[in-house]
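Asks: Structure: entry.cif, mmCIF, C-alpha atoms.
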```
data_query
loop_
_atom_site.label_atom_id
_atom_site.label_comp_id
_atom_site.auth_asym_id
_atom_site.auth_seq_id
_atom_site.Cartn_x
_atom_site.Cartn_y
_atom_site.Cartn_z
CA GLY A 1 -109.75 -141.51 -125.51
CA MET A 2 -111.71 -138.55 -126.78
CA GLY A 3 -112.13 -137.13 -123.30
CA GLY A 4 -108.39 -136.74 -122.88
CA PRO A 5 -106.61 -133.60 -121.69
CA GLY A 6 -107.16 -130.50 -123.77
CA PHE A 7 -110.18 -131.90 -125.55
CA GLY A 8 -112.30 -129.06 -124.20
CA MET A 9 -110.13 -126.58 -126.09
CA MET A 10 -110.72 -128.19 -129.48
CA PRO A 11 -113.45 -126.98 -131.80
CA PHE A 12 -116.24 -129.27 -132.90
CA GLU A 13 -115.45 -130.34 -136.45
CA GLU A 14 -116.92 -133.34 -138.22
CA ARG A 15 -117.55 -134.58 -141.74
CA TYR A 16 -121.03 -135.85 -142.58
CA HIS A 17 -122.94 -137.06 -145.59
CA ALA A 18 -125.37 -134.30 -146.58
CA LEU A 19 -128.99 -135.40 -146.95
CA PRO A 20 -132.14 -133.35 -147.60
CA VAL A 21 -134.48 -132.95 -144.61
CA ALA A 22 -137.10 -134.78 -146.68
CA ALA A 23 -135.16 -137.91 -145.68
CA ALA A 24 -135.87 -137.23 -141.99
CA ASP A 25 -137.84 -139.80 -140.02
CA LYS A 26 -140.74 -137.36 -139.63
CA SER A 27 -144.22 -137.21 -141.13
CA ASP A 28 -144.05 -133.46 -141.81
CA THR A 29 -140.71 -131.99 -142.86
CA SER A 30 -142.08 -128.73 -144.29
CA LYS A 31 -141.06 -126.75 -141.19
CA LEU A 32 -137.52 -128.07 -141.46
CA GLU A 33 -137.45 -127.23 -145.16
CA ALA A 34 -138.62 -123.67 -144.55
CA GLY A 35 -135.97 -122.67 -142.03
CA GLY A 36 -132.25 -122.24 -141.62
CA LYS A 37 -131.44 -125.11 -139.27
CA ILE A 38 -129.96 -128.58 -139.67
CA LEU A 39 -130.39 -131.98 -138.02
CA LEU A 40 -127.25 -133.57 -136.57
CA PRO A 41 -126.75 -137.08 -135.15
CA PRO A 42 -126.91 -137.77 -131.38
CA SER A 43 -123.13 -138.24 -131.20
CA ALA A 44 -122.73 -134.57 -132.19
CA LEU A 45 -124.70 -133.47 -129.13
CA HIS A 46 -122.49 -135.64 -126.94
CA LYS A 47 -119.32 -134.03 -128.34
CA LEU A 48 -120.75 -130.50 -128.20
CA SER A 49 -121.77 -130.91 -124.56
CA GLN A 50 -118.21 -131.97 -123.68
CA LEU A 51 -116.89 -128.88 -125.45
CA GLU A 52 -119.21 -126.58 -123.49
CA ILE A 53 -120.25 -124.82 -126.70
CA ALA A 54 -122.00 -121.54 -125.95
CA TYR A 55 -125.66 -120.92 -126.82
CA PRO A 56 -126.87 -120.33 -129.44
CA MET A 57 -125.19 -123.26 -131.16
CA LEU A 58 -124.11 -122.00 -134.57
CA PHE A 59 -122.33 -123.96 -137.28
CA GLU A 60 -120.33 -123.33 -140.40
CA ILE A 61 -120.95 -125.87 -143.15
CA THR A 62 -118.35 -126.13 -145.91
CA ASN A 63 -118.43 -128.10 -149.14
CA PRO A 64 -114.78 -129.24 -149.42
CA ALA A 65 -115.24 -129.83 -153.16
CA ASN A 66 -115.77 -126.12 -154.00
CA GLY A 67 -115.04 -124.20 -150.78
CA ARG A 68 -118.57 -122.79 -150.51
CA LYS A 69 -119.79 -122.24 -146.97
CA LEU A 70 -122.79 -121.02 -145.04
CA HIS A 71 -123.85 -120.71 -141.40
CA CYS A 72 -126.83 -122.13 -139.59
CA GLY A 73 -128.33 -123.33 -136.34
CA VAL A 74 -129.28 -126.84 -135.28
CA HIS A 75 -132.88 -127.97 -134.90
CA GLU A 76 -132.48 -131.39 -133.29
CA PHE A 77 -129.91 -134.18 -132.85
CA VAL A 78 -131.93 -136.98 -134.43
CA ALA A 79 -130.12 -137.59 -137.75
CA ASN A 80 -128.66 -141.01 -138.49
CA GLU A 81 -125.03 -141.31 -137.45
CA GLY A 82 -122.68 -140.08 -140.15
CA SER A 83 -125.24 -137.80 -141.78
CA VAL A 84 -126.44 -134.20 -141.55
CA LEU A 85 -129.91 -133.31 -142.79
CA MET A 86 -130.42 -129.87 -144.28
CA PRO A 87 -133.05 -127.89 -146.23
CA SER A 88 -132.73 -128.30 -150.00
CA TRP A 89 -131.94 -124.58 -150.43
CA MET A 90 -128.83 -125.09 -148.27
CA MET A 91 -127.67 -128.01 -150.41
CA GLU A 92 -128.19 -125.84 -153.50
CA ASN A 93 -126.17 -122.97 -151.98
CA LEU A 94 -123.33 -125.33 -151.13
CA GLY A 95 -123.51 -127.04 -154.52
CA VAL A 96 -123.65 -130.39 -152.71
CA LYS A 97 -125.48 -133.44 -154.04
CA TYR A 98 -127.26 -136.21 -152.17
CA SER A 99 -124.97 -137.95 -149.66
CA GLU A 100 -121.84 -135.97 -150.60
CA LEU A 101 -119.51 -135.07 -147.73
CA VAL A 102 -119.62 -131.68 -146.02
CA LYS A 103 -117.58 -130.33 -143.12
CA VAL A 104 -119.55 -129.09 -140.10
CA LYS A 105 -117.80 -127.07 -137.40
CA ASN A 106 -119.05 -124.91 -134.57
CA ALA A 107 -118.98 -121.15 -135.24
CA THR A 108 -119.06 -118.01 -133.15
CA LEU A 109 -120.73 -115.16 -135.02
CA PRO A 110 -121.38 -111.54 -134.06
CA LYS A 111 -124.95 -110.49 -133.32
CA GLY A 112 -126.37 -109.03 -136.50
CA GLN A 113 -127.05 -105.30 -136.69
CA TYR A 114 -127.96 -105.03 -140.37
CA VAL A 115 -128.81 -107.19 -143.36
CA LYS A 116 -129.62 -106.23 -146.93
CA LEU A 117 -131.93 -108.60 -148.78
CA ARG A 118 -132.92 -108.79 -152.44
CA PRO A 119 -135.91 -110.84 -153.56
CA GLN A 120 -135.04 -112.70 -156.75
CA SER A 121 -138.51 -112.12 -158.14
CA LYS A 122 -140.78 -109.09 -158.02
CA THR A 123 -143.64 -111.50 -157.26
CA PHE A 124 -142.44 -111.20 -153.66
CA LEU A 125 -143.80 -107.65 -153.69
CA ASP A 126 -147.31 -109.04 -154.29
CA ILE A 127 -147.40 -110.37 -150.72
CA ALA A 128 -149.76 -108.10 -148.79
CA ASN A 129 -147.44 -107.75 -145.79
CA PRO A 130 -143.90 -108.81 -146.69
CA LYS A 131 -142.57 -107.42 -143.41
CA ALA A 132 -144.67 -109.79 -141.30
CA VAL A 133 -143.94 -112.75 -143.57
CA LEU A 134 -140.19 -112.21 -143.42
CA GLU A 135 -140.17 -111.51 -139.70
CA ASN A 136 -142.07 -114.73 -139.08
CA THR A 137 -139.84 -116.74 -141.43
CA LEU A 138 -136.55 -115.50 -140.03
CA ARG A 139 -137.53 -116.80 -136.60
CA SER A 140 -136.62 -120.25 -137.94
CA PHE A 141 -133.14 -119.03 -138.93
CA SER A 142 -130.19 -118.65 -136.57
CA ALA A 143 -127.66 -117.09 -138.92
CA LEU A 144 -127.38 -115.34 -142.29
CA THR A 145 -124.33 -115.48 -144.57
CA LYS A 146 -123.46 -112.84 -147.15
CA GLY A 147 -123.93 -114.19 -150.67
CA GLU A 148 -126.31 -117.02 -149.79
CA VAL A 149 -129.83 -117.38 -151.17
CA ILE A 150 -132.42 -118.17 -148.51
CA ARG A 151 -135.81 -119.62 -149.38
CA ILE A 152 -139.12 -118.78 -147.78
CA THR A 153 -142.48 -120.38 -148.39
CA TYR A 154 -145.70 -118.42 -148.09
CA ASN A 155 -149.19 -119.43 -149.26
CA LYS A 156 -147.66 -122.49 -150.94
CA LYS A 157 -145.42 -120.28 -153.06
CA ILE A 158 -141.64 -120.32 -152.89
CA TYR A 159 -139.59 -117.11 -152.80
CA ASP A 160 -135.80 -117.07 -153.08
CA ILE A 161 -134.09 -114.09 -151.46
CA ASP A 162 -130.45 -113.06 -151.84
CA VAL A 163 -128.51 -112.05 -148.74
CA VAL A 164 -126.66 -109.10 -150.30
CA ASP A 165 -124.84 -107.76 -147.26
CA VAL A 166 -124.54 -108.24 -143.49
CA LYS A 167 -123.11 -106.10 -140.69
CA PRO A 168 -120.89 -106.49 -138.71
CA ARG A 169 -118.87 -107.57 -141.74
CA ASP A 170 -115.86 -109.19 -140.05
CA HIS A 171 -117.11 -112.79 -140.44
CA GLY A 172 -119.24 -112.38 -143.57
CA ALA A 173 -122.06 -113.85 -141.49
CA ILE A 174 -124.21 -112.82 -138.54
CA SER A 175 -126.22 -114.44 -135.79
CA ILE A 176 -129.84 -113.29 -135.76
CA VAL A 177 -130.76 -115.03 -132.50
CA ASP A 178 -132.03 -112.42 -130.00
CA ALA A 179 -130.59 -109.67 -132.21
CA ASP A 180 -132.09 -106.34 -133.30
CA VAL A 181 -131.44 -106.35 -137.02
CA ASN A 182 -132.16 -103.50 -139.41
CA VAL A 183 -133.35 -105.01 -142.68
CA ASP A 184 -132.88 -103.20 -145.98
CA PHE A 185 -134.35 -104.28 -149.29
CA ASP A 186 -132.81 -103.94 -152.72
CA ALA A 187 -135.00 -103.93 -155.81
CA PRO A 188 -135.93 -107.46 -156.87
CA ALA A 189 -133.35 -109.03 -159.17
CA ASP A 190 -135.80 -109.00 -162.10
CA TYR A 191 -137.04 -105.46 -161.42
CA VAL A 192 -136.34 -103.24 -164.43
CA GLU A 193 -135.39 -99.63 -163.88
CA PRO A 194 -134.22 -97.19 -166.57
CA VAL A 195 -130.87 -96.34 -164.99
CA ARG A 196 -129.19 -98.85 -162.70
CA GLN A 197 -128.26 -97.07 -159.46
CA PRO A 198 -127.39 -99.81 -156.99
CA VAL A 199 -126.10 -97.43 -154.32
CA ALA A 200 -128.33 -94.45 -155.09
CA PRO A 201 -129.72 -92.66 -152.03
CA VAL A 202 -133.45 -92.74 -151.44
CA ILE A 203 -134.44 -89.32 -152.83
CA PRO A 204 -132.68 -89.62 -156.22
CA THR A 205 -134.29 -93.04 -156.61
CA PHE A 206 -137.71 -91.41 -156.27
CA LYS A 207 -136.71 -88.75 -158.80
CA SER A 208 -135.52 -91.33 -161.31
CA SER A 209 -138.83 -93.17 -160.97
CA GLU A 210 -140.70 -89.95 -161.79
CA THR A 211 -139.30 -90.00 -165.30
CA THR A 212 -140.35 -93.58 -166.08
CA GLU A 213 -143.70 -92.78 -167.66
CA GLU A 214 -143.33 -95.67 -170.09
CA GLU A 215 -143.47 -98.13 -167.17
CA ALA A 216 -146.96 -97.12 -166.13
CA PRO A 217 -148.47 -100.66 -166.12
CA LEU A 218 -145.68 -101.94 -163.85
CA GLN A 219 -146.16 -98.94 -161.56
CA SER A 220 -149.82 -99.76 -161.03
CA ASP A 221 -148.93 -103.37 -160.15
CA LYS A 222 -146.49 -102.15 -157.55
CA ARG A 223 -148.94 -99.66 -156.12
CA ARG A 224 -151.36 -102.47 -155.38
CA ALA A 225 -148.60 -104.66 -153.97
CA PHE A 226 -147.45 -102.01 -151.53
CA VAL A 227 -150.75 -100.96 -150.00
CA GLY A 228 -150.37 -103.63 -147.31
CA ALA A 229 -146.68 -103.10 -146.72
CA ALA A 230 -147.07 -99.36 -146.27
CA ALA A 231 -149.78 -99.59 -143.60
CA ARG A 232 -147.78 -98.82 -140.47
CA PRO A 233 -149.13 -99.07 -136.93
CA ASN A 234 -148.35 -95.37 -136.54
CA GLY A 235 -150.09 -94.50 -139.83
CA LYS A 236 -147.25 -92.32 -141.12
CA ALA A 237 -146.30 -92.06 -144.74
CA VAL A 238 -142.91 -93.46 -145.58
CA ASP A 239 -140.09 -91.32 -146.92
CA ALA A 240 -136.34 -91.22 -146.40
CA SER A 241 -136.56 -90.29 -142.73
CA ALA A 242 -139.81 -92.04 -141.84
CA THR A 243 -138.47 -95.44 -142.88
CA VAL A 244 -136.11 -95.37 -139.94
CA ALA A 245 -138.64 -93.86 -137.55
CA ALA A 246 -141.49 -96.23 -138.37
CA SER A 247 -140.19 -99.29 -136.55
CA ALA A 248 -138.84 -97.28 -133.63
CA ALA A 249 -142.22 -95.65 -133.07
CA GLU A 250 -144.21 -98.89 -132.94
CA PRO A 251 -145.84 -99.37 -129.54
CA GLY A 252 -146.01 -102.64 -127.66
CA LYS A 253 -143.30 -105.24 -127.30
CA LYS A 254 -140.17 -104.99 -129.36
CA PRO A 255 -140.12 -107.48 -132.23
CA ALA A 256 -137.25 -109.93 -132.57
CA LEU A 257 -136.05 -108.02 -135.61
CA GLN A 258 -136.19 -104.29 -136.22
CA TRP A 259 -137.34 -103.46 -139.73
CA ARG A 260 -136.46 -100.60 -141.98
CA LEU A 261 -138.58 -101.25 -145.03
CA ARG A 262 -136.55 -99.57 -147.68
CA PHE A 263 -138.21 -101.23 -150.66
CA ASP A 264 -140.98 -98.64 -150.41
CA ARG A 265 -138.54 -96.42 -152.25
CA PHE A 266 -139.38 -98.19 -155.52
CA ASP A 267 -142.89 -96.87 -155.26
CA GLY A 268 -143.63 -93.57 -153.57
CA VAL A 269 -147.38 -94.23 -153.58
CA GLN A 270 -148.82 -94.23 -150.08
CA PRO A 271 -152.45 -94.74 -149.05
CA CYS A 272 -152.89 -91.06 -148.09
CA HIS A 273 -150.91 -88.44 -149.99
CA ASN A 274 -151.64 -85.48 -147.73
CA ALA A 275 -149.45 -87.11 -145.10
CA LYS A 276 -146.38 -86.61 -147.23
CA ASP A 277 -144.66 -84.31 -144.76
CA ALA A 278 -145.99 -85.99 -141.63
CA SER A 279 -142.48 -86.95 -140.61
CA GLY A 280 -141.07 -83.47 -140.92
CA GLY A 281 -140.42 -83.43 -144.65
CA GLY A 282 -136.76 -82.65 -144.97
CA ALA A 283 -134.91 -81.66 -148.11
CA GLY A 284 -136.69 -82.94 -151.16
CA GLY A 285 -139.32 -84.88 -149.18
CA PRO A 286 -142.46 -83.28 -150.61
CA SER A 287 -141.00 -83.00 -154.10
CA ALA A 288 -140.16 -86.71 -154.01
CA PHE A 289 -143.83 -87.52 -153.55
CA SER A 290 -145.22 -84.93 -155.95
CA GLY A 291 -144.20 -86.91 -159.00
CA THR A 292 -145.95 -89.96 -157.66
CA GLY A 293 -149.15 -88.00 -157.11
CA HIS A 294 -148.90 -86.92 -160.71
CA SER A 295 -148.60 -90.52 -161.94
CA LEU A 296 -151.54 -91.50 -159.75
CA ARG A 297 -153.77 -88.93 -161.47
CA LYS A 298 -152.58 -90.17 -164.84
CA GLY A 299 -153.37 -93.75 -163.88
#
```
Take the structure I supplied and represent it as structure tokens, if you would.

Replies:
Amino acid sequence: GMGGPGFGMMPFEERYHALPVAAADKSDTSKLEAGGKILLPPSALHKLSQLEIAYPMLFEITNPANGRKLHCGVHEFVANEGSVLMPSWMMENLGVKYSELVKVKNATLPKGQYVKLRPQSKTFLDIANPKAVLENTLRSFSALTKGEVIRITYNKKIYDIDVVDVKPRDHGAISIVDADVNVDFDAPADYVEPVRQPVAPVIPTFKSSETTEEEAPLQSDKRRAFVGAAARPNGKAVDASATVAASAAEPGKKPALQWRLRFDRFDGVQPCHNAKDASGGGAGGPSAFSGTGHSLRKG
């Protein structure tokens, strides 16, 4: 039988037919659709309990047809036997169609320390407080996998976000359950900048944006989009050093995720310009903001 000797040493590994969570026997599946967790059948819980799988339960899902894989948590064990229910964005990432077979096995992932995200559309920057929206959304995720595209829904709009990088890097995926994760943002995929500098440090990025006078209309859009995101509890302006300090200096209880909002670097405009050296300035700090002040007067 299955409970024979040595069974406890085996990993959990099953093949299931992949179905969208919309097929779940629930009146409202929007919460399932918006997160990073799957529904497994009751028999899976029985097997996992025999295996004494450690909390949090994490899984690696693989599409055998193309080798694509991602990592996730489990929401409940209420799927029909032989099937796994998953958000449609997961099925898209795996390239799996309705009822096609996927392999589900238990995974052990390192606690995440860092993730770099890239919104696919600059419309994400129009959200008044992207930090809060993302922090809230990622509570319904257990793991992030490098190269996947996660989907979040806010105000009935859908935003797809690339997971560009994760650290530790040894598994290509991280657990974000009870983890303090620094979150970096790349420019949105459709954001146009004059010279592509994907690994440029913060200060040169500000300098390059000073020379983009011809993009004035776009600049003003971004300025409006960032007013909410730049309002920190400690009221400090954001520059290269303050981005790290901002989350550390927040009073009160520690959030589930630590945020380093680096996408402010695409727009040096802050609500109050005289606070530009509030965090101690540093080399190039004031000069990085001076160009932005200039464009503000022009606008």

Asks: I want to know what sits within 6 Å of stretch 68-81 of chain A, based on only C-alpha atoms, with residues of the same chain fewer than 5 positions away left out; could you give that as a list in words?

Replies: Gly36, Lys37, Ile38, Leu39, Leu40, Pro41, Pro42, Leu58, Phe59, Glu60, Ile61, Thr62, Asn63, Leu94, Ser142, Ala143 and Thr145 of chain A

Asks: Limited to C-alpha atoms, could you put the picked residues into a file as a short mmCIF file (atom, residue, chain, number, x, y, z; two decimals), in the frame of the given file?

Replies:
```cif
data_model
loop_
_atom_site.label_atom_id
_atom_site.label_comp_id
_atom_site.auth_asym_id
_atom_site.auth_seq_id
_atom_site.Cartn_x
_atom_site.Cartn_y
_atom_site.Cartn_z
CA GLY A 36 -132.25 -122.24 -141.62
CA LYS A 37 -131.44 -125.11 -139.27
CA ILE A 38 -129.96 -128.58 -139.67
CA LEU A 39 -130.39 -131.98 -138.02
CA LEU A 40 -127.25 -133.57 -136.57
CA PRO A 41 -126.75 -137.08 -135.15
CA PRO A 42 -126.91 -137.77 -131.38
CA LEU A 58 -124.11 -122.00 -134.57
CA PHE A 59 -122.33 -123.96 -137.28
CA GLU A 60 -120.33 -123.33 -140.40
CA ILE A 61 -120.95 -125.87 -143.15
CA THR A 62 -118.35 -126.13 -145.91
CA ASN A 63 -118.43 -128.10 -149.14
CA LEU A 94 -123.33 -125.33 -151.13
CA SER A 142 -130.19 -118.65 -136.57
CA ALA A 143 -127.66 -117.09 -138.92
CA THR A 145 -124.33 -115.48 -144.57
#
```

Asks: Have a look at A:Ala107, A:Val102, A:Ile158, A:Leu51 and name the one nearest to A:Ile127; count only C-alpha atoms.

Replies: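 Ranking A:Ala107, A:Val102, A:Ile158, A:Leu51 by distance to A:Ile127, first place goes to A:Ile158.
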
Asks: Please return, as a VMD selection string, all polymer residues that have at least one atom within 10 Å of the point (-130.2, -135.5, -148.9); use all atoms listed in the file and the file's own coordinate frame.

Replies: chain A and resid 17 to 24 83 to 88 91 96 to 100

Asks: To one decimal place in Å, what is the distance between atom CA of A:Ile161 and atom CA of A:Val104?

Replies: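 Separation between atom CA of A:Ile161 and atom CA of A:Val104: 23.8 Å.
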
Asks: Of the residues A:Thr29, A:Lys103, A:Arg118, A:Ile150, which is the one nearest to A:Asn66, using all atoms listed in the file?

Replies: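 Of A:Thr29, A:Lys103, A:Arg118, A:Ile150, the one nearest A:Asn66, counting all atoms listed in the file, is A:Lys103.
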
Asks: Just the number, please: distance in Å from atom CA of A:Ala34 to atom CA of A:Ile152, one decimal.

Replies: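 So the answer is 5.9 Å.
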
Asks: Any idea what the distance is between atom CA of A:Asp190 and atom CA of A:Ser121?

Replies: 5.7 Å

Asks: Select, counting only C-alpha atoms, all protein, DNA and RNA residues no farther than 7 Å from (-134.3, -106.6, -145.5) in file coordinates, and express the selection as a PDB file with C-alpha atoms, keeping the file's coordinate frame.

Replies:
```
ATOM      1  CA  VAL A 115    -128.810-107.190-143.360  1.00  0.00           C
ATOM      2  CA  LYS A 116    -129.620-106.230-146.930  1.00  0.00           C
ATOM      3  CA  LEU A 117    -131.930-108.600-148.780  1.00  0.00           C
ATOM      4  CA  VAL A 183    -133.350-105.010-142.680  1.00  0.00           C
ATOM      5  CA  ASP A 184    -132.880-103.200-145.980  1.00  0.00           C
ATOM      6  CA  PHE A 185    -134.350-104.280-149.290  1.00  0.00           C
ATOM      7  CA  LEU A 261    -138.580-101.250-145.030  1.00  0.00           C
TER       8      LEU A 261
END
```
